[in-house]
Amino acid sequence: MFRLAIRNTLAHKTRLIMTMLAVVLGVAFVTGTLIFTATIGKGLKDSSSKSFKDVSVAVQLTERTPNATVAGQQRTGVPQDVYEQLAALPGVDHARGSVTGFTGVADEDNALIGNGFVNQGSNFAPGENGTDARFDFTEGHGPRGVSEVALDSKTAEKGGYALGDRVRLSVNGPVLVKKLTGIFTTEDGMVAAGGSLTLFDTATAQRLFLKSGLYQQVELKTTTGTSQEQLRASVRKALPAQSGLTAVTGQELTQDQATAVAAQTSELSKVLLAFAGIALFVGIFLIANTFTMLVTQRTRELALLRAVGATRRQVTRSVLIEAGVLGMISAVVGMGLGLGIAAGLRPLLNGAGAGLPDNPLVVAPSAIVISLLVGLGITVLSAYLPSRRAAKTPPVAAMRSVGTAQTQRSLLVRNILGSLLAAAAGLLLIVATVASGRDEKAVLVALGAVLAVCGVIVLTPLLSRPLFAVLTPLLRTFGVAGKLARQNAARNPRRTAATASSLMIGLALTSALTVVTVSLQNSMQQGAADGLQADYAVQLSTYESLDPSVVSKIKQVPGVRTAAGDSKISLELDGTASTAEMTDGAAFPQLFRIKTVQGALSSLEKNRIAVSEEFAKDNGLKVGGTLKVGYPDGEQAGARVGAIYAKNSLLPKLVINQEQVAPHLFRTGYQTVYVKAEQDGGSSAVRDGIEKALGSSPMIRVNTQDDLFRDVNKQINQLLYLVYGLLGMSVVIAVIGVVNTMTLSVFERSREFGMLRAIGLDRTGVSRMVKLESLMISLLGTFLGLVMGTFLAWAAGNVAHAAFDKYTMQMPWRSYGIFVALALAIGVLAALWPARRASRLNLLQAINAE
């Protein structure tokens, strides 16, 4: 039976080639994902571990609160006196205090060098020998004063800088101009990932990134004979009580970095594997359909095996072995293609600014094993039911060429099961509409959506009938070919449903994503237009905080009425961590379009707070009432309510004057500086004046409201196109499924085509009949996909509306029109080869075909 299975595989290799493509693509996606994430993880881990190779023990800040958003406002460091005390400990060979932060460098064309998210600045901390082990200077020397900087060699080359040149750079505001005194190489992971590294002298770095006399971290190197654990024990004893500092070994730092890298790559891996799973799920329909048709075509052969003594188990095993051979070959080919995908993903993502390290591909044995198991397992699993169906065919009936058409009972059971799944989905979605918790609502909607998709897949044979009935008048215009195409498509509803379902899944996800994206974009634009009065929003390209000096410089620009810094910060409101808007109380009413329910927004200037109507109602607050506010430094105080405003999508539940919060912040900075011009809408002169006042910095963006919308839409569209590309794999497999089904159908119906030719249907008619049948299958999958996608988008919209009250569902009719046009093209193109083959069959040979 094994030899027979191998011979059958070789005998039908042409018919199985399309099925192999589906398995190859799915396995390639899995293999590429596993190798790519392992490679990036290894590269990031190596880069981070190199940074700590000369660190035995590091002293750094301990989180004071488990709430990370609150702790982010409590940034302190290691004081100079503690640094000196640690450097003098026994067993310390040398000590180094480090300070880092964002620093962008402009090239000769005033464009930012590198990806802003991996552009860093640090301090040059030479030891007694005048060198810093982290940097190897190839030219010049490290910075020795406030006016000097050094650049890594890659950045200097990209910017066209040489020793003595004036370097334009920015940290958190206007452009700084410094003299280049040194060029160095480094093993820093950020530089390896395509970023830039700028060195300042320690005092300048402290002032720019932290505060004078403070280090973010102190790194200690042990003397010979002292272990990391021994030095850490000594350091912990020396640290002042209640200092908020802790000591960790270099080994722990490396491990923490590796854990963080693993978490990042794990998320990426999960996303990519999810799309690989979708592609493989679609492939299951193709494989099952293929083997069902092959088994049907070979009923006489299988019956003969039964007649000469083969048992049902042996017949089943024979088909499964055939599937296993196909799966194994496909998996091996898929792994080869996956290597190419893994190698191509990095330059593709780096081209989009991802900044991933450049290191050799990592092919782990687990990736090979998983890929082989996936290819083999999916193929065998998909072929299992067809193999069971083959084994149950009665030998005598098969010898008489009696088909194994589905009984009404089998379709009835299927319809009942599909109806139950659909009913369960509807019940879950009804419960979701009345659920109060956002997470609970999201879980119910997700489960309901999954059951709904499964229900539609099961009910597709039943749902195909009304659609084909609607198409009947149109098909009549094609004469006999149209009538035969409709009858052929309806003849085997399971096969038609399986082929259409694969296309339906891809289009359902694509259309749902499109609806949600368009709805979100329109809703965000409408919400911002309703709530924002400012003409300009000034931000760093990396969304780091802006220095308060930016506000004062902008206010001096002719044509500017007012400007104010604005940030969302974490506060405790009556003991509960919440997000609040920190802004300039005097300028706030001119920058935001807010509807007040009680009180006046002008009260913010008098250090009153403003709260949303919903928050006031939930907490029983009225104008004049007091709210207990916990600030980032841990201090708590009562704040009086001066205004209550209607719900606004741009603002959180509380607005507070920056003068109230500033004394409790370690360092004041703004996420955005909003600007209102004297002339509504602003002018090019005002915008140019703002840019000039900030030194025409390539790191700072001066956006109009339209610019903000375009930026948001651009980012969302980039994500949408990426997902389109990933979902495109499943659509490609669905197209292969249509081609495969139609091709195998031509083999299966050779005698039928011969008889049609014999009674007068010409080649053109045969070709048209096959094309129309393919078109009907594609339209069925497209119609169900668009309906299901719209339903999924509606379900997702219920969750989105709970988080964003301005969210309203918008139908992208233009995109839907494109999807339908593509479906028509798929139906025609998928049938070209099968139709050509059917029309060219030899009439006499076709009539005599078994």
# chains A, B, ... in the order shown; residues from 1 in each chain; ligands from 1
$ residues_around --residues "segment 709-718 of chain A" --least-positions-apart "2" --cutoff "12 Å" --atoms "only C-alpha atoms" --output "PyMOL selection string"
chain A and resi 349+352+513-514+516-529+537+541+701-707+720-725
$ select_by_dssp --residues "segment 196-359 of chain A" --states "alpha helix (DSSP H)" --output "JSON, numbers by chain"
{"A": [202, 203, 204, 205, 206, 207, 208, 209, 228, 229, 230, 231, 232, 233, 234, 235, 236, 237, 238, 250, 251, 252, 253, 254, 255, 256, 257, 258, 259, 260, 261, 262, 263, 264, 265, 266, 267, 268, 269, 270, 271, 272, 273, 274, 275, 276, 277, 278, 279, 280, 281, 282, 283, 284, 285, 286, 287, 288, 289, 290, 291, 292, 293, 294, 295, 296, 297, 299, 300, 301, 302, 303, 304, 305, 306, 307, 312, 313, 314, 315, 316, 317, 318, 319, 320, 321, 322, 323, 324, 325, 326, 327, 328, 329, 330, 331, 332, 333, 334, 335, 336, 337, 338, 339, 340, 341, 342, 343, 344, 345, 346, 347, 348, 349, 350, 351]}
$ write_last_selection --atoms "C-alpha atoms" --output "short mmCIF file (atom, residue, chain, number, x, y, z; two decimals), in the first residue's frame"
data_model
loop_
_atom_site.label_atom_id
_atom_site.label_comp_id
_atom_site.auth_asym_id
_atom_site.auth_seq_id
_atom_site.Cartn_x
_atom_site.Cartn_y
_atom_site.Cartn_z
CA THR A 202 29.26 64.84 31.33
CA ALA A 203 28.13 68.21 32.68
CA THR A 204 26.41 69.13 29.42
CA ALA A 205 24.75 65.71 29.12
CA GLN A 206 23.44 65.96 32.68
CA ARG A 207 21.95 69.39 31.99
CA LEU A 208 20.37 68.31 28.71
CA PHE A 209 19.01 64.89 29.72
CA GLN A 228 30.07 40.52 40.60
CA GLU A 229 28.04 39.13 43.49
CA GLN A 230 30.64 40.23 46.05
CA LEU A 231 30.75 43.76 44.68
CA ARG A 232 26.97 43.98 44.54
CA ALA A 233 26.75 43.01 48.22
CA SER A 234 29.22 45.79 49.10
CA VAL A 235 27.33 48.32 46.98
CA ARG A 236 23.99 47.50 48.58
CA LYS A 237 25.45 48.11 52.05
CA ALA A 238 26.88 51.44 50.91
CA GLY A 250 26.12 43.10 34.60
CA GLN A 251 24.83 39.58 34.08
CA GLU A 252 21.37 40.64 35.27
CA LEU A 253 21.43 43.69 33.00
CA THR A 254 22.19 41.48 30.02
CA GLN A 255 19.45 39.04 31.03
CA ASP A 256 16.92 41.87 31.49
CA GLN A 257 17.78 43.18 28.04
CA ALA A 258 17.41 39.69 26.59
CA THR A 259 14.01 39.32 28.28
CA ALA A 260 12.86 42.67 26.90
CA VAL A 261 14.07 41.71 23.42
CA ALA A 262 12.32 38.35 23.67
CA ALA A 263 9.08 40.09 24.65
CA GLN A 264 9.31 42.46 21.68
CA THR A 265 10.10 39.74 19.16
CA SER A 266 7.45 37.50 20.70
CA GLU A 267 4.75 40.06 19.95
CA LEU A 268 5.97 40.40 16.37
CA SER A 269 6.12 36.63 16.04
CA LYS A 270 2.56 36.22 17.31
CA VAL A 271 1.23 38.74 14.79
CA LEU A 272 3.05 37.15 11.83
CA LEU A 273 2.13 33.61 12.92
CA ALA A 274 -1.52 34.67 13.21
CA PHE A 275 -1.52 35.63 9.54
CA ALA A 276 0.33 32.41 8.72
CA GLY A 277 -2.42 30.55 10.55
CA ILE A 278 -5.07 32.31 8.46
CA ALA A 279 -3.24 31.31 5.28
CA LEU A 280 -2.96 27.70 6.45
CA PHE A 281 -6.62 27.65 7.48
CA VAL A 282 -7.59 28.77 3.98
CA GLY A 283 -5.23 26.11 2.61
CA ILE A 284 -7.14 23.41 4.48
CA PHE A 285 -10.18 24.02 2.27
CA LEU A 286 -8.04 23.72 -0.85
CA ILE A 287 -6.32 20.52 0.25
CA ALA A 288 -9.53 18.86 1.43
CA ASN A 289 -11.27 19.84 -1.80
CA THR A 290 -8.41 18.47 -3.90
CA PHE A 291 -8.30 15.10 -2.17
CA THR A 292 -12.08 14.81 -2.22
CA MET A 293 -12.06 15.25 -6.00
CA LEU A 294 -9.10 12.90 -6.46
CA VAL A 295 -10.80 10.23 -4.38
CA THR A 296 -14.01 10.67 -6.37
CA GLN A 297 -12.09 10.30 -9.64
CA THR A 299 -13.43 5.34 -6.95
CA ARG A 300 -13.05 2.45 -9.43
CA GLU A 301 -9.36 2.09 -8.59
CA LEU A 302 -10.05 2.14 -4.84
CA ALA A 303 -12.95 -0.29 -5.25
CA LEU A 304 -10.69 -2.69 -7.11
CA LEU A 305 -8.28 -2.57 -4.15
CA ARG A 306 -11.18 -3.40 -1.83
CA ALA A 307 -12.24 -6.21 -4.14
CA ARG A 312 -10.92 0.08 4.77
CA ARG A 313 -8.03 0.95 7.06
CA GLN A 314 -5.51 0.19 4.30
CA VAL A 315 -7.38 2.39 1.80
CA THR A 316 -7.51 5.20 4.33
CA ARG A 317 -3.84 4.75 5.11
CA SER A 318 -2.98 4.80 1.39
CA VAL A 319 -4.64 8.19 0.88
CA LEU A 320 -3.05 9.58 4.05
CA ILE A 321 0.41 8.39 2.97
CA GLU A 322 -0.12 10.13 -0.34
CA ALA A 323 -1.07 13.30 1.56
CA GLY A 324 1.93 12.88 3.85
CA VAL A 325 4.37 12.63 0.95
CA LEU A 326 2.80 15.72 -0.61
CA GLY A 327 2.98 17.58 2.72
CA MET A 328 6.61 16.63 3.36
CA ILE A 329 7.77 17.69 -0.10
CA SER A 330 5.80 20.94 0.18
CA ALA A 331 7.22 21.61 3.65
CA VAL A 332 10.80 21.22 2.44
CA VAL A 333 10.19 23.57 -0.49
CA GLY A 334 8.34 25.96 1.84
CA MET A 335 11.29 26.06 4.23
CA GLY A 336 13.57 27.11 1.38
CA LEU A 337 11.16 29.88 0.43
CA GLY A 338 10.85 30.82 4.11
CA LEU A 339 14.60 31.46 4.28
CA GLY A 340 14.20 33.96 1.46
CA ILE A 341 11.28 35.63 3.25
CA ALA A 342 13.29 35.92 6.48
CA ALA A 343 16.25 37.41 4.60
CA GLY A 344 14.03 39.90 2.76
CA LEU A 345 11.93 41.08 5.71
CA ARG A 346 14.77 42.89 7.49
CA PRO A 347 15.79 45.23 4.64
CA LEU A 348 12.11 45.80 3.89
CA LEU A 349 11.35 46.85 7.48
CA ASN A 350 14.58 48.82 7.81
CA GLY A 351 13.62 50.69 4.67
#
$ closest_atom_pairs --of "segment 614-634 of chain A" --to "segment 663-682 of chain A" --cutoff "8 Å" --atoms "only C-alpha atoms" --output "Markdown table"
| residue | atom | partner | partner_atom | distance |
| --- | --- | --- | --- | --- |
| A:Tyr631 | CA | A:His664 | CA | 6.3 |
| A:Pro632 | CA | A:His664 | CA | 6.2 |
| A:Asp633 | CA | A:His664 | CA | 5.4 |
$ residues_around --residues "segment 808-820 of chain A" --least-positions-apart "6" --cutoff "12 Å" --atoms "only C-alpha atoms" --output "ChimeraX atom specification"
/A:503-504,506-508,510-527,731,775,778-787,789-802,826-827
$ atom_distance --atom1 "atom CA of Ser243 of chain A" --atom2 "atom CA of Val59 of chain A"
11.2 Å
$ residues_around --residues "Pro652 of chain A" --least-positions-apart "2" --cutoff "8 Å" --atoms "only C-alpha atoms" --output "PyMOL selection string"
chain A and resi 579-581+612+648-650+654-655
$ write_last_selection --atoms "N, CA and C atoms" --output "compact mmCIF listing (two decimals), in the first residue's frame"
# COMPACT_ATOMS: atom_id res chain seq x y z
N THR A 579 -5.52 59.53 33.95
CA THR A 579 -4.80 60.42 33.05
C THR A 579 -5.44 61.80 33.08
N ALA A 580 -4.61 62.83 33.12
CA ALA A 580 -5.09 64.21 33.15
C ALA A 580 -4.36 65.03 32.09
N GLU A 581 -4.98 66.12 31.67
CA GLU A 581 -4.39 67.03 30.71
C GLU A 581 -3.73 68.18 31.46
N SER A 612 -14.60 66.32 33.34
CA SER A 612 -15.62 65.98 32.36
C SER A 612 -16.96 65.76 33.05
N ASN A 648 -15.42 65.14 25.58
CA ASN A 648 -14.64 65.57 24.42
C ASN A 648 -13.62 64.48 24.10
N SER A 649 -13.55 64.07 22.82
CA SER A 649 -12.67 62.95 22.45
C SER A 649 -11.20 63.30 22.57
N LEU A 650 -10.86 64.59 22.62
CA LEU A 650 -9.46 64.99 22.71
C LEU A 650 -8.95 65.08 24.13
N LEU A 654 -9.88 64.95 33.26
CA LEU A 654 -9.50 66.10 34.08
C LEU A 654 -8.51 66.98 33.33
N VAL A 655 -8.68 68.31 33.48
CA VAL A 655 -7.73 69.29 32.94
C VAL A 655 -7.21 70.11 34.12
$ residues_around --residues "Val551 of chain A" --least-positions-apart "2" --cutoff "12 Å" --atoms "only C-alpha atoms" --output "PyMOL selection string"
chain A and resi 173-174+537-539+546-549+553-557+560+562-566+583-584+587+669-676+690+693-694
$ write_last_selection --atoms "C-alpha atoms" --output "short mmCIF file (atom, residue, chain, number, x, y, z; two decimals), in the first residue's frame"
data_model
loop_
_atom_site.label_atom_id
_atom_site.label_comp_id
_atom_site.auth_asym_id
_atom_site.auth_seq_id
_atom_site.Cartn_x
_atom_site.Cartn_y
_atom_site.Cartn_z
CA GLY A 173 13.80 71.91 21.41
CA PRO A 174 15.62 74.51 19.31
CA ALA A 537 0.65 71.74 16.79
CA VAL A 538 4.41 71.65 17.36
CA GLN A 539 5.93 68.23 18.17
CA LEU A 546 9.65 69.53 24.24
CA ASP A 547 11.56 71.97 26.45
CA PRO A 548 9.50 74.86 27.91
CA SER A 549 11.82 77.29 26.05
CA LYS A 553 10.29 81.33 21.52
CA ILE A 554 7.04 80.68 19.65
CA LYS A 555 5.19 83.43 21.56
CA GLN A 556 7.71 85.96 20.21
CA VAL A 557 6.91 85.12 16.58
CA VAL A 560 1.10 84.42 17.02
CA THR A 562 -0.87 82.61 22.04
CA ALA A 563 0.96 79.32 22.55
CA ALA A 564 0.85 76.73 25.31
CA GLY A 565 2.54 73.48 26.15
CA ASP A 566 0.25 70.49 26.65
CA THR A 583 -1.81 72.78 30.08
CA ASP A 584 -1.58 76.56 30.38
CA ALA A 587 -4.40 79.88 26.96
CA GLY A 669 8.28 69.04 29.29
CA TYR A 670 5.47 69.11 26.78
CA GLN A 671 4.29 66.46 24.36
CA THR A 672 2.75 69.14 22.14
CA VAL A 673 2.85 72.91 21.93
CA TYR A 674 -0.40 74.27 20.52
CA VAL A 675 -0.32 77.62 18.74
CA LYS A 676 -3.17 80.02 17.93
CA ILE A 690 7.79 79.40 14.07
CA ALA A 693 12.47 80.65 15.73
CA LEU A 694 13.27 77.00 16.50
#
$ atom_distance --atom1 "atom CA of Asp188 of chain A" --atom2 "atom CA of Lys42 of chain A"
14.7 Å
$ select_by_dssp --residues "segment 628-780 of chain A" --states "strand (DSSP E)" --output "number ranges by chain"
A: 628-630, 636-645, 654-657, 672-677, 700-704
$ closest_residue --among "A:Phe36, A:Tyr215, A:Tyr645, A:Tyr536" --to "Ala616 of chain A" --atoms "only C-alpha atoms"
A:Tyr645
$ atom_distance --atom1 "atom CA of Val597 of chain A" --atom2 "atom CA of Ala646 of chain A"
6.2 Å
$ closest_residue --among "A:Ile505, A:Leu427, A:Ser122, A:Thr39" --to "Leu727 of chain A" --atoms "only C-alpha atoms"
A:Ile505
